[in-house]
$ cat coords33.cif   # mmCIF, C-alpha atoms
data_target
#
loop_
_atom_site.label_atom_id
_atom_site.label_comp_id
_atom_site.auth_asym_id
_atom_site.auth_seq_id
_atom_site.Cartn_x
_atom_site.Cartn_y
_atom_site.Cartn_z
CA MET W 942 -22.35 -3.88 2.35
CA THR W 943 -23.02 -5.65 -0.96
CA PRO W 944 -22.52 -9.46 -1.17
CA ASP W 945 -19.19 -8.79 -2.97
CA GLN W 946 -18.05 -6.48 -0.19
CA GLN W 947 -19.07 -9.08 2.40
CA ASP W 948 -17.04 -11.75 0.60
CA VAL W 949 -13.99 -9.47 0.45
CA ALA W 950 -14.38 -8.56 4.13
CA ALA W 951 -14.57 -12.28 4.99
CA ALA W 952 -11.40 -13.01 2.96
CA ASN W 953 -9.69 -10.14 4.77
CA GLU W 954 -10.66 -11.55 8.17
CA ALA W 955 -9.56 -15.03 7.09
CA PHE W 956 -6.16 -13.57 6.19
CA TYR W 957 -5.59 -12.10 9.66
CA GLY W 958 -7.03 -15.23 11.29
CA ALA W 959 -4.53 -17.41 9.43
CA VAL W 960 -1.63 -15.23 10.63
CA GLU W 961 -2.94 -15.33 14.22
CA ARG W 962 -3.13 -19.14 14.13
CA GLY W 963 0.22 -19.44 12.32
CA ASP W 964 -1.59 -21.44 9.65
CA LEU W 965 0.65 -21.32 6.58
CA ASP W 966 -1.61 -23.65 4.57
CA ALA W 967 -4.61 -21.37 5.03
CA LEU W 968 -2.45 -18.35 4.22
CA THR W 969 -1.17 -20.01 1.05
CA GLY W 970 -4.74 -20.66 -0.08
CA LEU W 971 -5.67 -17.02 0.49
CA TRP W 972 -2.92 -15.48 -1.66
CA CYS W 973 -3.13 -15.44 -5.43
CA THR W 974 -0.38 -17.38 -7.16
CA GLU W 975 0.96 -14.57 -9.35
CA GLU W 976 4.53 -13.45 -9.51
CA THR W 977 3.08 -9.93 -9.40
CA ALA W 978 1.96 -10.34 -5.78
CA VAL W 979 3.51 -7.73 -3.48
CA CYS W 980 3.85 -7.50 0.29
CA VAL W 981 5.31 -4.56 2.22
CA HIS W 982 5.73 -5.24 5.94
CA PRO W 983 5.94 -2.22 8.27
CA GLY W 984 9.22 -0.36 7.77
CA ALA W 985 10.48 -2.91 5.27
CA THR W 986 11.19 -3.05 1.54
CA PRO W 987 8.69 -4.69 -0.87
CA ILE W 988 8.67 -8.46 -1.34
CA HIS W 989 7.61 -9.63 -4.81
CA GLY W 990 6.09 -12.95 -5.84
CA THR W 991 3.79 -15.20 -3.83
CA ARG W 992 6.55 -17.67 -2.91
CA ASN W 993 8.72 -14.97 -1.37
CA VAL W 994 5.74 -13.32 0.28
CA LEU W 995 4.64 -16.58 1.92
CA ARG W 996 8.19 -17.28 3.05
CA SER W 997 8.23 -13.88 4.78
CA TRP W 998 4.98 -14.71 6.59
CA ALA W 999 6.30 -18.15 7.56
CA LEU W 1000 9.31 -16.44 9.16
CA ILE W 1001 7.12 -13.93 11.00
CA MET W 1002 4.83 -16.68 12.29
CA ALA W 1003 7.75 -18.91 13.31
CA ASN W 1004 9.21 -16.06 15.36
CA THR W 1005 5.96 -14.96 16.98
CA ASP W 1006 4.66 -16.73 20.08
CA TYR W 1007 1.40 -14.89 20.07
CA ILE W 1008 -0.14 -12.30 17.77
CA GLN W 1009 -3.62 -10.90 17.59
CA PHE W 1010 -5.04 -8.30 15.22
CA PHE W 1011 -7.90 -6.06 16.28
CA LEU W 1012 -9.08 -4.47 13.05
CA THR W 1013 -10.76 -1.07 13.12
CA ASP W 1014 -11.81 1.39 10.39
CA VAL W 1015 -12.32 -1.41 7.88
CA THR W 1016 -13.32 -0.02 4.47
CA VAL W 1017 -14.05 -2.35 1.54
CA SER W 1018 -14.27 -1.08 -2.06
CA VAL W 1019 -15.02 -3.38 -4.99
CA ASN W 1020 -14.08 -2.29 -8.50
CA GLY W 1021 -15.01 -5.11 -10.89
CA ASP W 1022 -12.69 -8.02 -10.19
CA VAL W 1023 -10.36 -6.05 -7.95
CA ALA W 1024 -11.14 -4.90 -4.42
CA THR W 1025 -9.30 -2.84 -1.84
CA VAL W 1026 -9.55 -3.09 1.92
CA THR W 1027 -8.07 -0.47 4.18
CA CYS W 1028 -8.00 -1.17 7.88
CA ARG W 1029 -6.13 -0.22 10.98
CA GLU W 1030 -4.23 -3.14 12.49
CA ASN W 1031 -4.19 -2.84 16.28
CA ILE W 1032 -1.63 -5.54 17.01
CA LEU W 1033 -1.06 -7.36 20.28
CA THR W 1034 2.01 -9.59 20.55
CA ALA W 1035 3.61 -11.57 23.32
CA ALA W 1036 6.67 -9.86 24.76
CA ASP W 1037 9.35 -10.57 27.32
CA SER W 1038 8.87 -7.10 28.73
CA GLY W 1039 5.94 -4.71 28.78
CA PRO W 1040 2.76 -4.67 30.86
CA GLN W 1041 1.39 -8.18 31.42
CA GLY W 1042 3.89 -9.52 28.90
CA PHE W 1043 2.21 -7.92 25.88
CA ASN W 1044 3.32 -5.38 23.35
CA GLY W 1045 0.98 -3.24 21.30
CA GLY W 1046 1.52 -2.05 17.75
CA LEU W 1047 -0.33 0.00 15.20
CA ALA W 1048 -0.28 -0.07 11.40
CA GLU W 1049 -2.42 1.15 8.53
CA ALA W 1050 -2.95 -1.72 6.12
CA LEU W 1051 -4.02 -1.70 2.52
CA ASN W 1052 -4.97 -5.08 1.07
CA VAL W 1053 -5.85 -5.54 -2.60
CA PHE W 1054 -7.83 -8.65 -3.53
CA VAL W 1055 -8.48 -10.12 -6.99
CA ARG W 1056 -11.50 -12.23 -7.87
CA ARG W 1057 -10.60 -15.82 -8.77
CA PRO W 1058 -12.85 -18.82 -9.58
CA GLY W 1059 -12.41 -20.05 -5.98
CA GLY W 1060 -13.01 -16.67 -4.35
CA TRP W 1061 -11.16 -13.45 -3.57
CA ARG W 1062 -7.38 -13.80 -3.27
CA LEU W 1063 -4.81 -11.43 -1.78
CA TRP W 1064 -2.66 -9.75 -4.39
CA VAL W 1065 -1.16 -6.83 -2.46
CA HIS W 1066 -0.62 -6.24 1.26
CA GLN W 1067 1.09 -3.15 2.60
CA ALA W 1068 1.19 -2.12 6.24
CA SER W 1069 2.55 1.32 7.16
CA PRO W 1070 3.65 2.24 10.65
CA VAL W 1071 1.42 4.98 12.04
CA VAL W 1072 2.64 8.15 13.64
CA SER W 1073 1.51 7.65 17.23
CA GLU W 1074 -1.36 9.77 18.39
CA ALA W 1075 -1.74 11.58 21.66
CA GLY W 1076 -3.94 9.85 24.18
CA MET B 53 9.64 -3.98 -20.26
CA THR B 54 6.49 -4.55 -22.32
CA PRO B 55 4.71 -1.54 -23.92
CA ASP B 56 2.11 -1.76 -21.13
CA GLN B 57 4.81 -1.69 -18.47
CA GLN B 58 6.44 1.28 -20.20
CA ASP B 59 3.12 3.15 -20.21
CA VAL B 60 2.60 2.44 -16.51
CA ALA B 61 6.17 3.51 -15.69
CA ALA B 62 5.61 6.75 -17.64
CA ALA B 63 2.36 7.41 -15.73
CA ASN B 64 4.24 6.76 -12.48
CA GLU B 65 6.96 9.26 -13.41
CA ALA B 66 4.32 11.78 -14.48
CA PHE B 67 2.72 11.44 -11.04
CA TYR B 68 5.93 12.31 -9.18
CA GLY B 69 6.73 15.04 -11.73
CA ALA B 70 3.37 16.69 -11.09
CA VAL B 71 4.00 16.68 -7.32
CA GLU B 72 7.49 18.13 -7.83
CA ARG B 73 6.10 20.96 -9.95
CA GLY B 74 3.12 21.50 -7.62
CA ASP B 75 0.89 21.00 -10.66
CA LEU B 76 -2.55 20.14 -9.27
CA ASP B 77 -4.18 20.08 -12.73
CA ALA B 78 -1.74 17.46 -13.99
CA LEU B 79 -2.18 15.48 -10.76
CA THR B 80 -5.96 15.61 -11.12
CA GLY B 81 -5.70 14.21 -14.65
CA LEU B 82 -3.52 11.35 -13.44
CA TRP B 83 -5.87 10.06 -10.74
CA CYS B 84 -8.93 8.01 -11.56
CA THR B 85 -12.21 9.62 -10.59
CA GLU B 86 -13.55 6.80 -8.42
CA GLU B 87 -14.75 7.16 -4.88
CA THR B 88 -12.75 3.96 -4.25
CA ALA B 89 -9.42 5.74 -4.75
CA VAL B 90 -7.17 5.48 -1.69
CA CYS B 91 -4.07 7.37 -0.61
CA VAL B 92 -1.98 6.63 2.49
CA HIS B 93 0.71 9.24 3.15
CA PRO B 94 3.68 8.17 5.31
CA GLY B 95 2.63 7.68 8.92
CA ALA B 96 -0.93 8.82 8.20
CA THR B 97 -4.38 7.26 8.05
CA PRO B 98 -5.98 6.38 4.68
CA ILE B 99 -7.75 9.03 2.63
CA HIS B 100 -10.65 7.76 0.51
CA GLY B 101 -12.12 9.25 -2.67
CA THR B 102 -10.30 11.19 -5.39
CA ARG B 103 -11.57 14.59 -4.18
CA ASN B 104 -10.18 14.08 -0.69
CA VAL B 105 -6.98 12.56 -2.04
CA LEU B 106 -6.35 15.53 -4.33
CA ARG B 107 -7.10 17.96 -1.51
CA SER B 108 -4.41 16.24 0.59
CA TRP B 109 -1.89 16.63 -2.25
CA ALA B 110 -2.87 20.27 -2.74
CA LEU B 111 -2.12 20.87 0.96
CA ILE B 112 1.22 19.08 0.75
CA MET B 113 2.23 21.04 -2.36
CA ALA B 114 1.08 24.35 -0.88
CA ASN B 115 3.24 23.72 2.19
CA THR B 116 6.31 22.52 0.33
CA ASP B 117 8.80 25.02 -1.11
CA TYR B 118 10.79 22.38 -2.90
CA ILE B 119 10.44 18.64 -3.27
CA GLN B 120 12.23 16.19 -5.50
CA PHE B 121 11.76 12.43 -5.76
CA PHE B 122 14.63 10.19 -6.82
CA LEU B 123 12.98 6.87 -7.54
CA THR B 124 14.97 3.66 -7.17
CA ASP B 125 14.03 -0.03 -7.28
CA VAL B 126 11.10 0.65 -9.60
CA THR B 127 9.15 -2.55 -10.33
CA VAL B 128 6.15 -2.52 -12.67
CA SER B 129 3.69 -5.44 -12.86
CA VAL B 130 0.70 -5.47 -15.20
CA ASN B 131 -2.23 -7.78 -14.49
CA GLY B 132 -4.90 -7.17 -17.15
CA ASP B 133 -6.31 -3.70 -16.60
CA VAL B 134 -4.65 -3.21 -13.21
CA ALA B 135 -0.96 -2.57 -12.64
CA THR B 136 1.21 -2.14 -9.58
CA VAL B 137 4.36 -0.12 -9.24
CA THR B 138 6.61 -0.43 -6.22
CA CYS B 139 9.43 2.05 -5.86
CA ARG B 140 11.60 3.60 -3.24
CA GLU B 141 11.04 7.34 -2.88
CA ASN B 142 14.29 9.08 -2.01
CA ILE B 143 12.88 12.47 -1.14
CA LEU B 144 14.71 15.78 -1.03
CA THR B 145 12.87 18.76 0.45
CA ALA B 146 13.83 22.32 1.26
CA ALA B 147 14.40 22.84 4.97
CA ASP B 148 15.20 25.69 7.31
CA SER B 149 17.85 23.56 8.96
CA GLY B 150 19.95 20.65 7.74
CA PRO B 151 22.99 20.50 5.49
CA GLN B 152 22.76 23.01 2.63
CA GLY B 153 19.15 23.71 3.58
CA PHE B 154 17.87 20.30 2.44
CA ASN B 155 16.24 17.43 4.23
CA GLY B 156 16.25 13.86 3.01
CA GLY B 157 13.49 11.30 3.42
CA LEU B 158 12.86 7.73 2.47
CA ALA B 159 9.63 5.84 1.79
CA GLU B 160 8.55 2.64 0.11
CA ALA B 161 5.70 3.42 -2.25
CA LEU B 162 3.12 1.17 -3.79
CA ASN B 163 1.06 2.68 -6.59
CA VAL B 164 -1.81 0.82 -8.22
CA PHE B 165 -2.94 2.01 -11.66
CA VAL B 166 -6.10 1.11 -13.57
CA ARG B 167 -6.39 1.20 -17.35
CA ARG B 168 -8.83 3.83 -18.61
CA PRO B 169 -9.68 4.91 -22.18
CA GLY B 170 -7.29 7.88 -21.83
CA GLY B 171 -4.45 5.88 -20.28
CA TRP B 172 -3.38 4.49 -16.93
CA ARG B 173 -4.79 6.30 -13.90
CA LEU B 174 -3.73 6.15 -10.27
CA TRP B 175 -6.17 4.31 -8.05
CA VAL B 176 -4.08 3.60 -4.94
CA HIS B 177 -0.98 5.26 -3.51
CA GLN B 178 0.58 4.18 -0.25
CA ALA B 179 3.96 5.31 1.02
CA SER B 180 5.44 3.63 4.10
CA PRO B 181 8.25 5.10 6.15
CA VAL B 182 11.33 2.88 5.94
CA VAL B 183 13.33 1.70 8.91
CA SER B 184 16.58 3.56 8.37
CA GLU B 185 19.52 1.49 7.21
CA ALA B 186 23.09 1.73 8.35
CA GLY B 187 25.30 3.55 5.93
#

$ encode --input "coords33.cif" --output "structure tokens"
Amino acid sequence: MTPDQQDVAAANEAFYGAVERGDLDALTGLWCTEETAVCVHPGATPIHGTRNVLRSWALIMANTDYIQFFLTDVTVSVNGDVATVTCRENILTAADSGPQGFNGGLAEALNVFVRRPGGWRLWVHQASPVVSEAG
Amino acid sequence: MTPDQQDVAAANEAFYGAVERGDLDALTGLWCTEETAVCVHPGATPIHGTRNVLRSWALIMANTDYIQFFLTDVTVSVNGDVATVTCRENILTAADSGPQGFNGGLAEALNVFVRRPGGWRLWVHQASPVVSEAG
């Protein structure tokens, strides 16, 4: 990976880390401040504008006791001042039912980052539910 | 809408028009030629690189007798030389079963366009299945 790709990959990991810790301040610092920011949660309609996007994450984090993302198939592409990351989110959440009190989930995420003076910032996040695979 | 937004919206409509007509040449002209291009079909894993992306569309079009996209909630945001479009794809396809031989589908799409000398080109397309709504 190039230094740019490494920086983008680190910003991507910081994003999921902030959600896991429920750290809204860190999450706020990682998103760009544009009204053009977009977030599409699995199965949901798009949310536009950083304020609304962060509010949606605050709600998710407030209603989640425990969440952990195991990222696989991470691909980072840098195109000037814009970069895309695709990754598979293997999601573990606390649950009232399920084996050992955990639920598993799966989504394909696409994150678009823009280069800012302070570093790479999230501009677009979309996570699609994945058709479950045999196995 | 600004002239830029109008151009992006026109490119977005041209994209869906090309899929409806099964016009692979038009579709090829609408995608950028980068290896960083990404396409995530509903419920599927990401496809990287314009060649692979176009092959996936060729397969879809070859296996589809009839497809029509009714786009709603179209939002266009331009950020320098990159633009995002979010829209809801209300999809009508021919079907062996179903009322009047049609099937309906629903997806939330996010399309990212990059500005090129010849116009706006698709760089990213992701369509998420939508949790069905009452109604």

$ resolve_selection --input "coords33.cif" --expression "the PyMOL selection byres ((chain W) within 7 of (chain B))" --output "PDB file with C-alpha atoms, keeping the file's coordinate frame"
ATOM      1  CA  THR W 977       3.080  -9.930  -9.400  1.00  0.00           C
ATOM      2  CA  GLY W 984       9.220  -0.360   7.770  1.00  0.00           C
ATOM      3  CA  ALA W 985      10.480  -2.910   5.270  1.00  0.00           C
ATOM      4  CA  THR W 986      11.190  -3.050   1.540  1.00  0.00           C
ATOM      5  CA  SER W1018     -14.270  -1.080  -2.060  1.00  0.00           C
ATOM      6  CA  GLU W1049      -2.420   1.150   8.530  1.00  0.00           C
ATOM      7  CA  SER W1069       2.550   1.320   7.160  1.00  0.00           C
ATOM      8  CA  PRO W1070       3.650   2.240  10.650  1.00  0.00           C
ATOM      9  CA  VAL W1071       1.420   4.980  12.040  1.00  0.00           C
ATOM     10  CA  VAL W1072       2.640   8.150  13.640  1.00  0.00           C
TER      11      VAL W1072
END

$ resolve_selection --input "coords33.cif" --expression "the PyMOL selection byres ((chain B and resi 65-79) around 10)" --output "PyMOL selection string"
chain B and resi 59-64+80-83+106-107+109-110+112-114+116-123+141+145+163+173-174

$ atom_distance --input "coords33.cif" --atom1 "atom CA of W:Arg1056" --atom2 "atom CA of W:Asn993"
21.4 Å

$ closest_residue --input "coords33.cif" --among "W:Leu1047, W:Met942, W:Val1015, W:Leu1000" --to "W:Asn1031" --atoms "all atoms listed in the file"
W:Leu1047

$ atom_distance --input "coords33.cif" --atom1 "atom CA of W:Gly990" --atom2 "atom CA of B:Val105"
28.9 Å

$ closest_residue --input "coords33.cif" --among "W:Gly1021, W:Asn1004, W:Gly1059, W:Thr1013" --to "W:Asp945" --atoms "all atoms listed in the file"
W:Gly1021
